[in-house]
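To be precise, the following lines are my_file_35.cif, and they hold mmCIF, C-alpha atoms.
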data_my_file
#
loop_
_atom_site.label_atom_id
_atom_site.label_comp_id
_atom_site.auth_asym_id
_atom_site.auth_seq_id
_atom_site.Cartn_x
_atom_site.Cartn_y
_atom_site.Cartn_z
CA MET W 1 -4.96 9.38 -11.98
CA PRO W 2 -8.52 8.53 -13.03
CA HIS W 3 -11.10 10.72 -11.34
CA GLU W 4 -12.54 7.76 -9.40
CA ASP W 5 -9.12 6.85 -7.96
CA TYR W 6 -8.48 10.46 -6.97
CA VAL W 7 -11.83 10.72 -5.17
CA PHE W 8 -11.15 7.43 -3.35
CA GLN W 9 -7.74 8.66 -2.20
CA LYS W 10 -9.33 11.86 -0.93
CA ARG W 11 -12.08 9.98 0.86
CA LYS W 12 -9.60 7.72 2.65
CA ALA W 13 -7.57 10.66 3.93
CA SER W 14 -10.65 12.66 4.98
CA PHE W 15 -12.31 9.71 6.72
CA THR W 16 -9.12 8.81 8.57
CA LYS W 17 -8.48 12.40 9.64
CA LYS W 18 -11.94 12.55 11.22
CA ILE W 19 -11.31 9.32 13.12
CA PHE W 20 -7.94 10.53 14.41
CA GLY W 21 -9.39 13.88 15.40
CA LYS W 22 -12.79 12.94 16.83
CA GLY W 23 -12.61 9.22 17.54
CA LEU W 24 -14.58 6.32 16.13
CA ASN W 25 -18.09 6.98 14.88
CA ALA W 26 -20.61 4.30 13.95
CA SER W 27 -19.27 3.93 10.40
CA ALA W 28 -15.71 3.55 11.66
CA TYR W 29 -16.72 0.98 14.27
CA VAL W 30 -18.48 -1.14 11.68
CA LEU W 31 -15.81 -0.80 9.03
CA LEU W 32 -12.79 -1.43 11.24
CA ASN W 33 -14.32 -4.45 12.95
CA MET W 34 -15.91 -6.11 9.94
CA LYS W 35 -14.88 -9.72 9.51
CA GLU W 36 -13.74 -10.80 6.05
CA SER W 37 -15.37 -14.23 6.32
CA GLY W 38 -19.07 -14.88 6.44
CA GLU W 39 -20.65 -15.40 9.85
CA ASP W 40 -24.15 -14.09 10.44
CA PHE W 41 -23.65 -10.40 11.15
CA LEU W 42 -26.24 -9.94 13.88
CA ASN W 43 -26.44 -13.13 15.89
CA GLU W 44 -23.80 -15.68 14.98
CA LEU W 45 -20.63 -13.62 15.37
CA PRO W 46 -18.23 -15.57 17.63
CA SER W 47 -17.34 -13.44 20.64
CA SER W 48 -13.86 -14.98 20.73
CA TYR W 49 -12.91 -12.41 18.09
CA PRO W 50 -12.46 -8.97 19.75
CA GLY W 51 -13.95 -7.22 16.73
CA PHE W 52 -17.01 -9.46 16.76
CA ALA W 53 -17.48 -8.96 20.48
CA LEU W 54 -17.43 -5.21 19.89
CA LEU W 55 -20.00 -5.46 17.12
CA LYS W 56 -22.26 -7.50 19.36
CA VAL W 57 -22.03 -4.76 21.97
CA MET W 58 -22.86 -2.21 19.28
CA PHE W 59 -26.07 -4.07 18.50
CA GLY W 60 -26.85 -5.01 22.10
CA VAL W 61 -26.85 -8.72 21.19
CA ASN W 62 -25.16 -9.67 24.47
CA GLY W 63 -27.55 -7.69 26.61
CA LYS W 64 -25.08 -4.85 27.03
CA LYS W 65 -26.07 -1.30 26.25
CA PRO W 66 -24.70 -0.48 22.78
CA PRO W 67 -22.77 2.79 22.23
CA PHE W 68 -24.91 3.44 19.15
CA LYS W 69 -28.59 2.90 18.47
CA LYS W 70 -29.38 -0.05 16.22
CA ASN W 71 -30.92 2.25 13.65
CA THR W 72 -27.76 4.38 13.60
CA VAL W 73 -25.63 1.32 12.90
CA ARG W 74 -28.01 0.05 10.23
CA VAL W 75 -28.04 3.45 8.52
CA ASN W 76 -24.24 3.40 8.47
CA LEU W 77 -24.23 -0.15 7.16
CA ASN W 78 -26.42 0.97 4.28
CA ARG W 79 -24.18 3.97 3.67
CA LEU W 80 -21.02 1.85 3.64
CA GLU W 81 -22.72 -0.58 1.26
CA LYS W 82 -23.69 2.22 -1.12
CA GLN W 83 -20.11 3.49 -1.00
CA GLY W 84 -18.88 0.07 -2.10
CA LEU W 85 -16.90 -0.62 1.08
CA ILE W 86 -19.02 -3.55 2.29
CA ALA W 87 -21.40 -5.93 0.53
CA LYS W 88 -24.02 -8.51 1.46
CA SER W 89 -23.49 -12.16 0.72
CA PRO W 90 -26.06 -13.94 -1.47
CA LYS W 91 -27.84 -14.99 1.73
CA GLU W 92 -28.25 -11.28 2.57
CA LYS W 93 -27.51 -11.90 6.23
CA VAL W 94 -23.77 -11.49 6.09
CA TYR W 95 -21.81 -8.31 5.42
CA LEU W 96 -18.30 -8.61 4.02
CA LEU W 97 -15.59 -6.11 3.27
CA THR W 98 -15.16 -5.51 -0.45
CA ASP W 99 -11.70 -5.05 -1.96
CA LYS W 100 -12.18 -1.30 -1.57
CA GLY W 101 -13.27 -1.82 2.02
CA LYS W 102 -10.16 -3.86 2.76
CA GLU W 103 -8.00 -1.15 1.20
CA PHE W 104 -9.85 1.48 3.24
CA THR W 105 -9.38 -0.30 6.57
CA SER W 106 -5.77 -1.15 5.78
CA TYR W 107 -5.11 2.53 5.05
CA ILE W 108 -6.55 3.62 8.42
CA LYS W 109 -4.84 0.95 10.51
CA ASN W 110 -1.50 1.52 8.78
CA ARG W 111 -1.47 5.26 9.53
CA PHE W 112 -2.67 4.73 13.09
CA ALA W 113 0.12 2.20 13.70
CA ILE W 114 2.72 4.77 12.63
CA LEU W 115 1.33 7.61 14.74
CA LYS W 116 0.97 5.54 17.91
CA GLU W 117 4.68 4.64 17.90
CA LYS W 118 7.02 6.56 20.18
CA TRP W 119 8.77 9.34 18.26
CA ASP W 120 12.41 8.44 17.50
CA GLY W 121 13.58 12.03 17.88
CA LYS W 122 14.21 12.53 14.15
CA PHE W 123 12.49 15.02 11.90
CA ARG W 124 11.17 14.27 8.41
CA LEU W 125 11.40 17.05 5.87
CA VAL W 126 9.31 16.57 2.73
CA ILE W 127 9.73 18.71 -0.37
CA PHE W 128 7.69 18.17 -3.51
CA ASP W 129 7.34 19.87 -6.85
CA VAL W 130 4.68 18.11 -8.89
CA PRO W 131 4.29 19.35 -12.49
CA GLU W 132 1.11 21.10 -13.58
CA ALA W 133 0.03 18.13 -15.71
CA LYS W 134 -0.24 16.04 -12.54
CA LYS W 135 -1.37 18.77 -10.17
CA HIS W 136 -4.14 16.65 -8.62
CA TRP W 137 -1.36 14.71 -6.88
CA ARG W 138 -0.36 17.86 -5.00
CA GLU W 139 -3.58 17.67 -2.98
CA VAL W 140 -3.16 13.93 -2.44
CA ILE W 141 0.33 14.51 -1.03
CA ARG W 142 -0.79 17.48 1.10
CA ASN W 143 -3.70 15.49 2.53
CA GLU W 144 -1.37 12.64 3.45
CA LEU W 145 1.13 14.97 5.09
CA ILE W 146 -1.55 16.76 7.12
CA LEU W 147 -3.02 13.41 8.17
CA MET W 148 0.43 12.32 9.39
CA GLN W 149 0.70 15.55 11.45
CA TYR W 150 3.17 17.39 9.23
CA GLN W 151 3.23 21.18 9.24
CA LEU W 152 3.90 23.56 6.38
CA LEU W 153 7.22 25.42 6.60
CA GLN W 154 6.93 27.16 3.26
CA LYS W 155 5.33 26.42 -0.11
CA SER W 156 5.51 22.65 -0.79
CA VAL W 157 7.90 22.13 2.13
CA TYR W 158 6.56 20.21 5.15
CA ILE W 159 8.11 18.95 8.37
CA GLY W 160 6.92 16.20 10.68
CA LYS W 161 7.99 13.69 13.30
CA TYR W 162 6.79 10.44 11.79
CA PRO W 163 7.77 8.60 8.59
CA LEU W 164 5.30 8.42 5.75
CA SER W 165 3.60 5.11 5.15
CA LYS W 166 5.54 2.68 2.96
CA THR W 167 2.30 1.88 1.16
CA PHE W 168 1.90 5.56 0.30
CA ILE W 169 5.45 5.75 -1.06
CA LYS W 170 4.81 2.63 -3.14
CA GLU W 171 1.64 4.22 -4.49
CA LEU W 172 3.62 7.30 -5.53
CA GLU W 173 6.19 5.07 -7.22
CA LYS W 174 3.46 3.12 -9.00
CA LYS W 175 1.91 6.33 -10.31
CA GLN W 176 5.36 7.75 -11.23
CA ILE W 177 5.05 10.60 -8.76
CA ALA W 178 7.84 9.61 -6.34
CA ASP W 179 10.49 11.34 -8.47
CA TYR W 180 8.89 14.68 -7.63
CA LEU W 181 9.08 14.05 -3.89
CA PHE W 182 12.17 14.39 -1.68
CA ILE W 183 12.20 13.10 1.89
CA PHE W 184 14.99 13.94 4.34
CA THR W 185 15.37 12.38 7.79
CA VAL W 186 17.46 14.55 10.11
CA ASP W 187 18.52 14.46 13.75
CA GLN W 188 18.88 18.19 14.22
CA VAL W 189 17.17 21.27 12.81
CA ASP W 190 17.62 24.98 13.40
CA ARG W 191 15.07 26.58 15.73
CA ARG W 192 14.29 23.13 17.13
CA GLN W 193 12.11 24.31 20.01
CA GLU W 194 10.08 26.51 17.70
CA ILE W 195 9.48 23.61 15.33
CA LEU W 196 8.62 21.24 18.17
CA LYS W 197 6.08 23.74 19.45
CA LEU W 198 4.60 23.96 15.95
CA LEU W 199 4.35 20.17 15.59
CA ASP W 200 3.10 19.56 19.12
CA SER W 201 0.25 22.00 18.53
CA ILE W 202 -1.46 19.39 16.34
CA SER W 203 -0.57 16.26 18.32
#
Mind turning this structure into structure tokens?
Amino acid sequence: MPHEDYVFQKRKASFTKKIFGKGLNASAYVLLNMKESGEDFLNELPSSYPGFALLKVMFGVNGKKPPFKKNTVRVNLNRLEKQGLIAKSPKEKVYLLTDKGKEFTSYIKNRFAILKEKWDGKFRLVIFDVPEAKKHWREVIRNELILMQYQLLQKSVYIGKYPLSKTFIKELEKKQIADYLFIFTVDQVDRRQEILKLLDSIS
């Protein structure tokens, strides 16, 4: 994996973990509610779109007290732009998600959709043994498992309640890493109550 791709994977997992743990900050609000088409960001956003209505509240455009100061939002807009997640249109009044930004938001929403579902009562056991030549993928896999609320049972063996994202599995297949990963879905496990207590401690 090129260094840039590895860093991007790490950033996505870290950013998402913070959102799940602490809630939406200004950057997350902007990023997750950014429209892909090009209405004027500050004044011409149609309130019929829930995301646009939220952004108007953030800026106080509708006369409502925003949850963040305008300067805080603008600072985060600049930060997201520097990170390559959003970009200004040629008119410089419209912010759009870049391809990386779309991937970023898709990553967050996909994981959130999985975790908000009611648990089906089955456990997922993940075992991986990535060779030394591709060791950077070990951290990518660990970060994903921790994000999806898996707990370590022993070295490179994790257990969790929720399935891993299909997009993540496809990424592993694309990078020829999936062969080093084994996923088991089981109805029953030994020491069930102990494992449930372990998993519920991070829910």
Find the residues with any atom within 10 Å of (10.6, 25.0, 2.4); use all atoms listed in the file and the coordinates as given in the file, and write the answer as a ChimeraX atom specification.
-> /W:125-128,152-159
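In this structure, CA of Pro90 in chain W sits 22.5 Å away from CA of Ser27 in chain W.
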Selection result of the PyMOL selection byres ((chain W and resi 9) around 10) on this file, as a PyMOL selection string = chain W and resi 3-8+10-14+104+107+137+139-140+143-144
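You will find CA of Asp187 in chain W at 29.5 Å from CA of Lys174 in chain W.
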Result set of the PyMOL selection byres ((chain W and resi 84) around 9) on the coordinates above, as a PyMOL selection string = chain W and resi 79-83+85-87+97-101
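Near Leu196 in chain W, within 10 Å and counting only C-alpha atoms, sit Phe123, Gly160, Lys161, Arg191, Arg192, Gln193, Leu199, Asp200 and Ser201 of chain W; same-chain residues fewer than 3 positions away were not included.
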